[in-house]
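Here is the file model.csv (CSV, C-alpha atoms and all ligand atoms).
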```csv
chain,number,residue,atom,x,y,z
A,1,MET,CA,80.1,82.1,119.4
A,2,SER,CA,79.1,85.7,118.9
A,3,SER,CA,77.9,86.9,115.4
A,4,PHE,CA,80.4,88.1,112.8
A,5,THR,CA,80.7,89.2,109.2
A,6,TYR,CA,83.3,87.5,106.9
A,7,THR,CA,84.0,88.9,103.4
A,8,GLY,CA,86.7,86.9,101.7
A,9,ASN,CA,88.6,88.1,98.6
A,10,PRO,CA,88.5,85.7,95.7
A,11,ALA,CA,91.9,84.1,95.2
A,12,ARG,CA,93.4,81.6,92.9
A,13,ILE,CA,96.7,80.4,94.4
A,14,LEU,CA,99.3,78.1,92.7
A,15,PHE,CA,101.7,77.2,95.5
A,16,GLY,CA,104.9,75.0,95.3
A,17,CYS,CA,108.4,74.6,94.1
A,18,GLY,CA,108.4,74.8,90.3
A,19,SER,CA,104.9,76.3,90.2
A,20,ARG,CA,106.3,79.1,87.9
A,21,ALA,CA,106.2,76.6,85.1
A,22,SER,CA,102.4,76.9,85.1
A,23,LEU,CA,102.5,80.5,84.1
A,24,GLY,CA,101.9,80.0,80.4
A,25,GLU,CA,98.9,77.7,81.1
A,26,GLU,CA,97.6,80.3,83.5
A,27,ILE,CA,97.8,83.1,80.9
A,28,ARG,CA,95.8,80.9,78.5
A,29,ARG,CA,93.4,79.8,81.2
A,30,LEU,CA,92.5,83.5,81.7
A,31,GLY,CA,91.9,83.8,77.9
A,32,HIS,CA,95.0,85.8,77.1
A,33,SER,CA,98.0,85.5,74.8
A,34,ARG,CA,100.2,88.5,75.2
A,35,ALA,CA,101.5,89.2,78.7
A,36,LEU,CA,103.6,92.3,79.6
A,37,ILE,CA,106.1,91.2,82.3
A,38,LEU,CA,106.7,93.7,85.0
A,39,ALA,CA,109.8,93.9,87.3
A,40,THR,CA,112.1,96.4,89.1
A,41,PRO,CA,115.4,97.3,87.3
A,42,PHE,CA,117.0,94.9,89.8
A,43,GLN,CA,115.0,91.9,88.6
A,44,LYS,CA,115.1,92.9,84.9
A,45,ALA,CA,117.2,89.9,84.0
A,46,ASP,CA,114.8,87.5,85.8
A,47,ALA,CA,111.9,89.1,83.9
A,48,GLU,CA,113.6,88.7,80.6
A,49,LYS,CA,114.4,85.1,81.3
A,50,LEU,CA,110.7,84.5,82.2
A,51,ALA,CA,109.6,86.2,79.0
A,52,ALA,CA,112.0,84.0,77.0
A,53,SER,CA,110.5,80.9,78.6
A,54,LEU,CA,107.0,82.1,77.6
A,55,GLY,CA,107.8,82.5,73.9
A,56,THR,CA,105.0,84.2,72.0
A,57,LEU,CA,102.9,84.5,75.2
A,58,ALA,CA,105.2,87.3,76.3
A,59,ALA,CA,104.5,90.7,74.7
A,60,GLY,CA,107.4,92.5,76.4
A,61,VAL,CA,109.2,93.4,79.6
A,62,PHE,CA,108.7,96.7,81.5
A,63,ALA,CA,111.3,96.8,84.3
A,64,GLN,CA,111.0,100.2,85.9
A,65,ALA,CA,108.8,99.4,88.9
A,66,THR,CA,109.8,101.3,91.9
A,67,MET,CA,108.9,101.8,95.6
A,68,HIS,CA,105.6,103.7,96.5
A,69,THR,CA,104.2,103.3,92.9
A,70,PRO,CA,104.7,106.8,91.5
A,71,VAL,CA,101.9,107.7,89.0
A,72,ASP,CA,104.4,108.9,86.3
A,73,ILE,CA,106.0,105.4,86.1
A,74,THR,CA,102.5,103.9,86.0
A,75,MET,CA,101.5,106.1,83.0
A,76,GLN,CA,104.7,104.9,81.2
A,77,ALA,CA,103.8,101.3,81.9
A,78,VAL,CA,100.3,101.8,80.6
A,79,ALA,CA,101.8,103.3,77.4
A,80,ALA,CA,104.1,100.3,77.2
A,81,PHE,CA,101.2,97.9,77.7
A,82,ASP,CA,99.3,99.6,74.8
A,83,ALA,CA,102.4,99.8,72.5
A,84,ALA,CA,103.0,96.0,73.0
A,85,ARG,CA,99.3,95.2,72.4
A,86,ALA,CA,99.4,93.3,75.7
A,87,ASP,CA,96.3,91.7,77.1
A,88,CYS,CA,97.4,91.0,80.7
A,89,VAL,CA,100.3,91.7,83.0
A,90,VAL,CA,102.6,89.3,84.9
A,91,SER,CA,104.2,91.0,88.0
A,92,LEU,CA,107.4,89.3,89.0
A,93,GLY,CA,108.7,90.6,92.3
A,94,GLY,CA,107.7,92.1,95.6
A,95,GLY,CA,105.4,94.9,96.7
A,96,SER,CA,106.8,97.5,94.4
A,97,THR,CA,106.3,95.5,91.2
A,98,ILE,CA,103.0,94.2,92.4
A,99,GLY,CA,101.9,97.8,93.1
A,100,LEU,CA,102.7,98.7,89.5
A,101,GLY,CA,100.6,95.8,88.2
A,102,LYS,CA,97.7,96.9,90.4
A,103,ALA,CA,98.0,100.5,89.3
A,104,ILE,CA,97.9,99.5,85.6
A,105,ALA,CA,94.8,97.3,86.3
A,106,ARG,CA,93.1,100.2,88.1
A,107,ARG,CA,93.5,102.2,84.9
A,108,ASN,CA,92.7,99.7,82.1
A,109,GLY,CA,91.1,96.8,84.0
A,110,THR,CA,93.8,94.3,82.8
A,111,ASP,CA,94.0,90.8,84.5
A,112,GLN,CA,97.1,90.3,86.7
A,113,ILE,CA,99.1,87.2,87.4
A,114,VAL,CA,101.5,87.8,90.2
A,115,ILE,CA,104.7,85.7,90.9
A,116,ALA,CA,105.5,86.9,94.5
A,117,THR,CA,109.2,86.9,95.5
A,118,THR,CA,109.1,88.7,98.8
A,119,TYR,CA,106.9,88.3,102.0
A,120,ALA,CA,105.2,91.7,101.8
A,121,GLY,CA,101.8,90.2,101.1
A,122,SER,CA,100.6,92.8,98.6
A,123,GLU,CA,99.7,90.1,96.0
A,124,VAL,CA,96.6,89.0,97.8
A,125,THR,CA,95.2,92.4,98.9
A,126,ASN,CA,92.8,94.7,97.0
A,127,ILE,CA,94.8,97.7,98.3
A,128,LEU,CA,96.9,100.0,96.2
A,129,GLY,CA,99.1,102.8,97.5
A,130,GLU,CA,100.3,105.3,94.9
A,131,THR,CA,102.3,108.5,95.0
A,132,ASP,CA,101.7,111.6,93.0
A,133,GLY,CA,103.6,114.8,93.6
A,134,GLY,CA,105.0,113.4,96.8
A,135,ILE,CA,101.6,112.6,98.3
A,136,LYS,CA,100.7,108.9,99.0
A,137,THR,CA,97.1,107.9,98.7
A,138,THR,CA,95.6,104.4,99.3
A,139,VAL,CA,92.6,103.0,97.5
A,140,ARG,CA,90.8,99.6,97.6
A,141,GLY,CA,88.8,98.0,94.9
A,142,PRO,CA,88.0,94.7,93.2
A,143,GLU,CA,89.9,95.6,90.1
A,144,ILE,CA,93.1,95.9,92.1
A,145,LEU,CA,93.0,92.3,93.2
A,146,ALA,CA,95.2,89.9,91.2
A,147,GLU,CA,93.4,87.1,89.2
A,148,THR,CA,96.1,84.5,90.0
A,149,VAL,CA,99.0,84.4,92.4
A,150,ILE,CA,101.9,82.0,91.9
A,151,TYR,CA,104.1,81.2,95.0
A,152,ASP,CA,107.2,79.4,94.0
A,153,PRO,CA,109.6,79.1,97.0
A,154,GLU,CA,112.6,78.5,94.7
A,155,LEU,CA,112.4,82.1,93.5
A,156,THR,CA,112.8,83.4,97.1
A,157,CYS,CA,116.0,81.6,97.9
A,158,GLY,CA,118.0,84.6,96.4
A,159,LEU,CA,116.2,87.1,98.6
A,160,PRO,CA,119.0,88.4,100.8
A,161,VAL,CA,118.7,87.3,104.5
A,162,ALA,CA,118.4,90.9,105.8
A,163,MET,CA,115.5,91.5,103.4
A,164,SER,CA,113.9,88.2,104.1
A,165,VAL,CA,113.9,89.0,107.8
A,166,THR,CA,112.4,92.5,107.5
A,167,SER,CA,109.9,91.4,104.8
A,168,GLY,CA,108.9,88.5,107.0
A,169,LEU,CA,108.3,90.9,109.9
A,170,ASN,CA,106.3,93.1,107.6
A,171,ALA,CA,104.0,90.1,106.9
A,172,MET,CA,103.8,89.4,110.6
A,173,ALA,CA,102.7,93.0,111.3
A,174,HIS,CA,99.7,92.4,109.0
A,175,ALA,CA,98.7,89.4,111.1
A,176,VAL,CA,99.3,90.9,114.5
A,177,GLU,CA,97.2,93.9,113.7
A,178,ALA,CA,94.4,91.7,112.2
A,179,LEU,CA,94.1,90.0,115.6
A,180,TYR,CA,92.7,93.2,117.1
A,181,ALA,CA,91.1,94.7,114.0
A,182,THR,CA,87.7,96.1,114.7
A,183,ASP,CA,86.2,94.0,111.9
A,184,ARG,CA,88.1,90.8,112.7
A,185,ASN,CA,86.3,87.5,112.7
A,186,PRO,CA,87.2,83.9,113.7
A,187,ILE,CA,88.4,83.1,110.2
A,188,THR,CA,90.8,86.0,109.8
A,189,SER,CA,92.1,85.4,113.4
A,190,MET,CA,92.7,81.7,112.5
A,191,MET,CA,94.6,82.6,109.4
A,192,ALA,CA,96.6,85.3,111.2
A,193,LEU,CA,97.8,82.9,113.9
A,194,GLU,CA,98.6,80.2,111.3
A,195,GLY,CA,100.6,82.8,109.4
A,196,LEU,CA,102.4,84.0,112.4
A,197,GLY,CA,103.3,80.5,113.5
A,198,ALA,CA,104.7,79.7,110.1
A,199,LEU,CA,106.9,82.8,110.0
A,200,ARG,CA,108.0,82.2,113.6
A,201,LYS,CA,109.4,78.9,112.6
A,202,ALA,CA,110.7,79.8,109.1
A,203,LEU,CA,112.6,83.0,109.7
A,204,PRO,CA,115.2,81.6,112.1
A,205,ALA,CA,115.8,78.7,109.8
A,206,ILE,CA,116.3,81.1,106.8
A,207,VAL,CA,118.8,83.1,108.8
A,208,ALA,CA,120.7,79.9,109.6
A,209,THR,CA,120.5,78.5,106.0
A,210,PRO,CA,119.2,81.0,103.4
A,211,ASP,CA,118.5,78.4,100.8
A,212,ASP,CA,116.7,76.0,103.1
A,213,ILE,CA,113.8,75.3,100.7
A,214,ALA,CA,111.5,73.9,103.4
A,215,ALA,CA,111.9,77.1,105.4
A,216,ARG,CA,111.4,79.2,102.3
A,217,SER,CA,108.2,77.4,101.6
A,218,GLN,CA,107.0,77.8,105.1
A,219,ALA,CA,107.8,81.6,105.0
A,220,LEU,CA,105.9,82.0,101.7
A,221,TYR,CA,102.9,80.1,103.1
A,222,GLY,CA,102.9,82.3,106.2
A,223,SER,CA,103.2,85.5,104.1
A,224,TRP,CA,100.3,84.4,102.0
A,225,LEU,CA,98.1,84.1,105.1
A,226,CYS,CA,99.3,87.3,106.6
A,227,GLY,CA,98.7,89.2,103.3
A,228,SER,CA,95.3,87.7,103.0
A,229,VAL,CA,94.1,89.0,106.4
A,230,LEU,CA,95.5,92.5,105.5
A,231,GLY,CA,93.2,92.4,102.5
A,232,MET,CA,90.2,91.4,104.6
A,233,VAL,CA,90.2,93.6,107.7
A,234,SER,CA,90.9,97.2,108.5
A,235,MET,CA,94.2,98.2,110.0
A,236,ALA,CA,94.9,100.4,113.0
A,237,LEU,CA,97.8,102.1,114.8
A,238,HIS,CA,100.7,100.0,113.4
A,239,HIS,CA,99.9,100.4,109.7
A,240,LYS,CA,98.9,104.1,110.1
A,241,LEU,CA,102.2,104.9,111.9
A,242,CYS,CA,104.3,103.0,109.3
A,243,HIS,CA,102.4,104.9,106.6
A,244,THR,CA,103.0,108.2,108.2
A,245,ILE,CA,106.7,107.6,109.0
A,246,GLY,CA,107.4,105.8,105.7
A,247,GLY,CA,105.5,108.3,103.6
A,248,SER,CA,106.3,111.6,105.2
A,249,PHE,CA,110.0,110.9,106.1
A,250,ASP,CA,110.9,108.7,103.1
A,251,MET,CA,111.8,105.7,105.3
A,252,PRO,CA,112.3,102.1,103.9
A,253,HIS,CA,109.0,100.2,104.0
A,254,ALA,CA,109.8,96.7,105.4
A,255,GLU,CA,112.5,98.0,107.8
A,256,THR,CA,110.1,100.6,109.2
A,257,HIS,CA,107.5,97.9,109.9
A,258,ALA,CA,110.2,95.7,111.5
A,259,VAL,CA,111.3,98.4,113.9
A,260,LEU,CA,107.9,99.7,114.9
A,261,LEU,CA,106.0,96.4,115.3
A,262,PRO,CA,107.2,95.5,118.9
A,263,HIS,CA,106.5,99.1,120.0
A,264,THR,CA,103.0,99.5,118.4
A,265,THR,CA,102.1,96.0,119.7
A,266,ALA,CA,103.3,96.9,123.3
A,267,TYR,CA,101.3,100.2,123.1
A,268,THR,CA,98.1,98.5,121.8
A,269,GLU,CA,98.5,95.5,124.1
A,270,GLN,CA,97.4,97.6,127.0
A,271,GLY,CA,93.9,97.8,125.4
A,272,ALA,CA,93.9,94.3,123.9
A,273,THR,CA,95.8,92.0,126.3
A,274,ASP,CA,93.6,88.9,125.7
A,275,LEU,CA,93.5,89.3,121.9
A,276,LEU,CA,97.3,89.5,121.8
A,277,ARG,CA,97.9,86.7,124.3
A,278,PRO,CA,98.3,84.1,121.6
A,279,VAL,CA,101.2,86.2,120.1
A,280,ALA,CA,103.0,86.3,123.5
A,281,ASP,CA,102.4,82.5,123.9
A,282,LEU,CA,103.8,81.9,120.4
A,283,PHE,CA,107.1,83.4,121.5
A,284,GLY,CA,106.9,82.0,125.1
A,285,ALA,CA,107.1,85.6,126.3
A,286,SER,CA,105.3,87.5,129.0
A,287,SER,CA,103.9,90.0,126.5
A,288,ALA,CA,103.4,90.1,122.7
A,289,GLY,CA,105.5,93.3,122.4
A,290,THR,CA,108.6,91.9,124.2
A,291,GLY,CA,108.2,88.6,122.4
A,292,LEU,CA,108.3,90.3,119.0
A,293,TYR,CA,111.2,92.5,120.1
A,294,ASP,CA,113.3,89.6,121.2
A,295,PHE,CA,112.4,87.6,118.1
A,296,ALA,CA,113.4,90.5,115.8
A,297,ALA,CA,116.7,90.9,117.8
A,298,SER,CA,117.5,87.2,117.5
A,299,LEU,CA,117.1,87.5,113.7
A,300,GLY,CA,119.5,90.4,113.5
A,301,ALA,CA,116.7,92.8,112.3
A,302,PRO,CA,117.2,96.5,112.7
A,303,LEU,CA,115.8,97.6,116.1
A,304,SER,CA,115.9,101.4,116.0
A,305,LEU,CA,114.5,104.1,113.7
A,306,ALA,CA,117.8,105.9,114.3
A,307,SER,CA,119.7,103.0,112.6
A,308,LEU,CA,117.4,103.6,109.6
A,309,GLY,CA,118.4,107.3,109.4
A,310,PHE,CA,115.3,108.7,111.1
A,311,LEU,CA,116.3,111.9,112.9
A,312,ALA,CA,115.5,112.7,116.6
A,313,ALA,CA,114.5,116.1,115.5
A,314,ASP,CA,111.6,114.6,113.5
A,315,ILE,CA,110.0,112.7,116.5
A,316,GLU,CA,107.8,115.6,117.4
A,317,ARG,CA,106.5,116.1,113.9
A,318,ALA,CA,105.9,112.4,113.4
A,319,SER,CA,103.9,112.3,116.6
A,320,GLU,CA,101.8,115.2,115.5
A,321,LEU,CA,101.1,113.6,112.1
A,322,ALA,CA,100.3,110.3,113.7
A,323,THR,CA,97.7,111.8,115.9
A,324,LEU,CA,96.2,114.2,113.4
A,325,ASN,CA,93.2,112.1,112.3
A,326,PRO,CA,91.5,110.0,115.0
A,327,TYR,CA,91.1,106.3,114.0
A,328,TYR,CA,90.2,103.1,115.8
A,329,ASN,CA,92.8,101.4,118.0
A,330,PRO,CA,92.0,99.1,121.0
A,331,ARG,CA,94.1,101.5,123.1
A,332,PRO,CA,93.1,105.0,121.9
A,333,VAL,CA,95.8,106.9,120.1
A,334,GLU,CA,96.8,109.9,122.3
A,335,ALA,CA,99.6,112.4,121.8
A,336,GLU,CA,101.9,111.7,124.8
A,337,GLY,CA,101.7,107.9,124.5
A,338,ILE,CA,102.5,108.1,120.7
A,339,ARG,CA,105.5,110.4,121.4
A,340,THR,CA,106.9,108.0,123.9
A,341,LEU,CA,106.3,105.1,121.5
A,342,ILE,CA,108.2,106.8,118.7
A,343,ARG,CA,111.0,107.8,121.0
A,344,LYS,CA,111.5,104.3,122.2
A,345,ALA,CA,111.4,103.0,118.6
A,346,TRP,CA,113.9,105.6,117.6
A,347,GLU,CA,116.2,104.5,120.5
A,348,GLY,CA,115.5,100.8,119.9
A,349,THR,CA,114.9,100.1,123.6
A,350,ARG,CA,113.0,97.0,124.5
A,351,PRO,CA,109.4,97.8,125.1
A,352,ASP,CA,108.2,97.4,128.8
B,401,LIG,P1,110.2,95.6,96.9
B,401,LIG,O1,109.2,95.0,96.0
B,401,LIG,O2,110.5,97.1,96.8
B,401,LIG,O3,111.6,94.8,96.7
B,401,LIG,C1,112.8,95.3,97.2
B,401,LIG,C2,114.0,95.0,96.3
B,401,LIG,O4,114.2,93.5,96.4
B,401,LIG,C3,113.7,95.3,94.8
B,401,LIG,O5,114.8,95.7,94.2
B,401,LIG,C4,113.3,93.9,94.3
B,401,LIG,O6,113.5,93.8,92.9
B,401,LIG,C5,114.2,93.0,95.1
B,401,LIG,N1,113.7,91.6,95.2
B,401,LIG,C6,112.4,91.2,95.3
B,401,LIG,N2,112.3,89.9,95.4
B,401,LIG,C7,113.6,89.4,95.3
B,401,LIG,C8,114.2,88.1,95.4
B,401,LIG,N3,113.4,87.0,95.6
B,401,LIG,N4,115.5,88.0,95.2
B,401,LIG,C9,116.3,89.1,95.1
B,401,LIG,N5,115.8,90.4,95.1
B,401,LIG,C10,114.5,90.5,95.2
B,401,LIG,O7,110.0,95.3,98.5
B,401,LIG,P2,108.6,94.9,99.2
B,401,LIG,O8,108.9,95.1,100.7
B,401,LIG,O9,108.1,93.5,98.8
B,401,LIG,O10,107.5,95.9,98.8
B,401,LIG,C11,107.5,97.2,99.3
B,401,LIG,C12,106.4,98.0,98.6
B,401,LIG,O11,105.2,97.3,98.6
B,401,LIG,C13,106.0,99.3,99.3
B,401,LIG,O12,105.8,100.3,98.3
B,401,LIG,C14,104.8,99.1,100.0
B,401,LIG,O13,104.0,100.2,100.2
B,401,LIG,C15,104.1,98.0,99.2
B,401,LIG,N6,103.2,97.1,99.9
B,401,LIG,C16,101.9,97.2,99.5
B,401,LIG,C17,100.9,96.4,100.1
B,401,LIG,C18,99.5,96.4,99.7
B,401,LIG,O14,98.7,95.6,100.1
B,401,LIG,N7,99.1,97.4,98.9
B,401,LIG,C19,101.4,95.4,101.1
B,401,LIG,C20,102.7,95.4,101.4
B,401,LIG,C21,103.6,96.2,100.8
```
Mind converting the file's structure to structure tokens?
Amino acid sequence: MSSFTYTGNPARILFGCGSRASLGEEIRRLGHSRALILATPFQKADAEKLAASLGTLAAGVFAQATMHTPVDITMQAVAAFDAARADCVVSLGGGSTIGLGKAIARRNGTDQIVIATTYAGSEVTNILGETDGGIKTTVRGPEILAETVIYDPELTCGLPVAMSVTSGLNAMAHAVEALYATDRNPITSMMALEGLGALRKALPAIVATPDDIAARSQALYGSWLCGSVLGMVSMALHHKLCHTIGGSFDMPHAETHAVLLPHTTAYTEQGATDLLRPVADLFGASSAGTGLYDFAASLGAPLSLASLGFLAADIERASELATLNPYYNPRPVEAEGIRTLIRKAWEGTRPD
């Protein structure tokens, strides 16, 4: 075996049906007694229910988390934290709520307990993307990482099927890209493949029976592994392209990942055939790109950028932005290839 470097992120994970009941104990274990519960407006009622179940351990609810973590909302949340004399945050939700918790922690160092309810994987990364004046920046740091993550599959049964599918594909994108990351190692690759295998089995079962608790558990297990590798290795073409297209053209996050993944994989595969062979094998396909495309199609996932509202007139600009700063990818990022990739993703045609 060749030499490698492995840097793991510390993680305390409570996994299992009903694990949300351990929240109070977890707040006390961290030495706290007044948690500010964070949520989106959509999950406000769930956050209030959670706060009621905590009794005096809950200092209040702030339910204004929103996509892309705008700094002005974060500053309101920090003020709410101070006004409530909170000593930790509990983020109940997906990447948007978790992003808000991370942004608060970055400013005041608070401990975070996350109860993850989507498959986006943000809860186990030390990455924070925030927007200020329409500009999205990404930072990494130890203070951004949550102290405890609670995965309770029962809380994901209500995640609509369409969102479950795109969120699951978002998680799979973390793992696919980790397989060819320049700083990958045998441990991250093992976790990535285990995560991909779990989601490969779970997502069709969720589409068939949305409240299949065994499938929901398997999907959450897979998303934990996929999110973990996102936090441990650097990303390449796929994540950069999603960042560019999502950030500059205001496209929905998980859906953009879902549409682009087969195309970025097919593009990169030409420079990383052996590394991506296990993904092709997982789907019984001749290539990883076609395997992922057929899998997404079988789940009823959106297949084209056009269906998400991306305009043909923006393909040129998106290609320019995507090739502006050179970065590592096993198949180098070059203008003509990226233009073709984005056009195919816009049309939704099956990659070659
Ligand atoms: P989200 O958090 O925006 O959730 C989408 C909607 O679904 C929200 O209204 C939410 O309240 C609702 N929802 C969440 N869980 C639910 C459930 N179980 N049942 C019913 N409704 C539920 O979506 P997301 O895809 O999880 O997160 C996207 C955001 O996360 C983006 O801003 C993205 O940039 C960020 N993200 C960050 C990282 C990271 O490591 N920093 C990783 C992945 C995603």
Set the cut-off to 6 Å, count all atoms listed in the file, and list whatever residues fall near ligand LIG 401 (chain B) as an mmCIF file with C-alpha atoms, keeping the file's coordinate frame.
```
data_model
loop_
_atom_site.group_PDB
_atom_site.id
_atom_site.type_symbol
_atom_site.label_atom_id
_atom_site.label_comp_id
_atom_site.auth_asym_id
_atom_site.auth_seq_id
_atom_site.Cartn_x
_atom_site.Cartn_y
_atom_site.Cartn_z
ATOM 1 C CA THR A 40 112.100 96.400 89.100
ATOM 2 C CA PHE A 42 117.000 94.900 89.800
ATOM 3 C CA GLN A 43 115.000 91.900 88.600
ATOM 4 C CA MET A 67 108.900 101.800 95.600
ATOM 5 C CA HIS A 68 105.600 103.700 96.500
ATOM 6 C CA GLY A 93 108.700 90.600 92.300
ATOM 7 C CA GLY A 94 107.700 92.100 95.600
ATOM 8 C CA GLY A 95 105.400 94.900 96.700
ATOM 9 C CA SER A 96 106.800 97.500 94.400
ATOM 10 C CA THR A 97 106.300 95.500 91.200
ATOM 11 C CA THR A 117 109.200 86.900 95.500
ATOM 12 C CA THR A 118 109.100 88.700 98.800
ATOM 13 C CA ALA A 120 105.200 91.700 101.800
ATOM 14 C CA GLY A 121 101.800 90.200 101.100
ATOM 15 C CA SER A 122 100.600 92.800 98.600
ATOM 16 C CA THR A 125 95.200 92.400 98.900
ATOM 17 C CA ILE A 127 94.800 97.700 98.300
ATOM 18 C CA LEU A 128 96.900 100.000 96.200
ATOM 19 C CA GLY A 129 99.100 102.800 97.500
ATOM 20 C CA LEU A 155 112.400 82.100 93.500
ATOM 21 C CA THR A 156 112.800 83.400 97.100
ATOM 22 C CA GLY A 158 118.000 84.600 96.400
ATOM 23 C CA LEU A 159 116.200 87.100 98.600
ATOM 24 C CA SER A 167 109.900 91.400 104.800
ATOM 25 C CA HIS A 253 109.000 100.200 104.000
ATOM 26 C CA ALA A 254 109.800 96.700 105.400
#
```
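With distances taken over only C-alpha atoms, A:Val90 is the one residue among A:Leu276, A:Val90, A:Asp72, A:Lys344 lying closest to A:Gly60.
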How close does each residue of stretch 185-291 of chain A get to stretch 9-18 of chain A, giving the shortest atom pair and distance in Å to one decimal for every residue with an atom at most 12 Å away, counting all atoms listed in the file, sorted by chain and residue number, as JSON lines?
```
{"residue": "A:Thr188", "atom": "CA", "partner": "A:Asn9", "partner_atom": "CA", "distance": 11.6}
{"residue": "A:Ile213", "atom": "CA", "partner": "A:Cys17", "partner_atom": "CA", "distance": 8.6}
{"residue": "A:Ala214", "atom": "CA", "partner": "A:Cys17", "partner_atom": "CA", "distance": 9.8}
{"residue": "A:Arg216", "atom": "CA", "partner": "A:Cys17", "partner_atom": "CA", "distance": 9.9}
{"residue": "A:Ser217", "atom": "CA", "partner": "A:Gly16", "partner_atom": "CA", "distance": 7.5}
{"residue": "A:Gln218", "atom": "CA", "partner": "A:Gly16", "partner_atom": "CA", "distance": 10.4}
{"residue": "A:Leu220", "atom": "CA", "partner": "A:Phe15", "partner_atom": "CA", "distance": 8.9}
{"residue": "A:Tyr221", "atom": "CA", "partner": "A:Phe15", "partner_atom": "CA", "distance": 8.2}
{"residue": "A:Gly222", "atom": "CA", "partner": "A:Phe15", "partner_atom": "CA", "distance": 11.9}
{"residue": "A:Trp224", "atom": "CA", "partner": "A:Ile13", "partner_atom": "CA", "distance": 9.3}
{"residue": "A:Leu225", "atom": "CA", "partner": "A:Ile13", "partner_atom": "CA", "distance": 11.4}
{"residue": "A:Gly227", "atom": "CA", "partner": "A:Asn9", "partner_atom": "CA", "distance": 11.2}
{"residue": "A:Ser228", "atom": "CA", "partner": "A:Asn9", "partner_atom": "CA", "distance": 8.0}
{"residue": "A:Val229", "atom": "CA", "partner": "A:Asn9", "partner_atom": "CA", "distance": 9.6}
{"residue": "A:Leu230", "atom": "CA", "partner": "A:Asn9", "partner_atom": "CA", "distance": 10.7}
{"residue": "A:Gly231", "atom": "CA", "partner": "A:Asn9", "partner_atom": "CA", "distance": 7.4}
{"residue": "A:Met232", "atom": "CA", "partner": "A:Asn9", "partner_atom": "CA", "distance": 7.0}
{"residue": "A:Val233", "atom": "CA", "partner": "A:Asn9", "partner_atom": "CA", "distance": 10.8}
```
**Spatial neighbours of A:Tyr328, max dist 9 Å, all atoms listed in the file, sep filter under 3 positions, as a list of chain:residue names** = A:Ala181, A:Thr182, A:Met235, A:Ala236, A:Leu237, A:Arg331, A:Pro332, A:Val333
**Request:** Select, counting all atoms listed in the file, all protein, DNA and RNA residues no farther than 9 Å from (99.1, 85.9, 87.8) in file coordinates, and express the selection as a count of residues only.
**Result:** 19
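In this structure, atom CA of A:Ser223 sits 18.3 Å away from atom CA of A:Cys242.
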**Spatial neighbours of stretch 305-313 of chain A, 8 Å, all atoms listed in the file, chain gap at least 2 places, as a list in words** = Phe249, Met251, Pro252, Glu255, Thr256, Val259, Pro302, Leu303, Ile315, Glu316, Arg343, Ala345, Trp346, Glu347 and Gly348 of chain A
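Comparing A:Ala297, A:Ala116, A:Ala272, A:Leu92 by their smallest distance to A:Ala45, the closest is A:Leu92 (using only C-alpha atoms).
For the pair atom CA of A:Lys102 and atom CA of A:Arg29, the interatomic distance is 19.9 Å.
Residues in contact with stretch 160-164 of chain A at 8 Å, where only C-alpha atoms are counted and same-chain residues fewer than 6 positions away are skipped, are listed as Thr118, Tyr119, Leu203, Ile206, Val207, Pro210, Ala254, Gly300 and Ala301 of chain A.
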**Message:** Quick one: residues within 12 Å of A:Leu193, only C-alpha atoms, excluding same-chain residues fewer than 2 positions away - as a PyMOL selection string?
**Reply:** chain A and resi 171-180+186-191+195-200+222-223+225-226+229+275-282
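Across the model, the gap from atom CA of A:Gly168 to atom CA of A:Ala205 is 12.3 Å.
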**Near-A:Asn108 list (12 Å; all atoms listed in the file; drop same-chain fewer than 5 positions) as a list in words** = Thr74, Met75, Ala77, Val78, Ala79, Phe81, Asp82, Ala86, Asp87, Cys88, Val89, Gly101, Lys102, Ala103, Glu143 and Ile144 of chain A
**Request:** Mind listing whatever residues come within 10 Å of the point (104.8, 110.9, 115.8)? Use all atoms listed in the file, file coordinates, and give them as an MDAnalysis selection string.
**Result:** chainID A and resid 241 244:245 314:324 335:343
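Checking A:Thr66, A:Ser33, A:Asn329, A:Thr166 one by one against A:Leu299, counting all atoms listed in the file, you find the shortest gap at A:Thr166.
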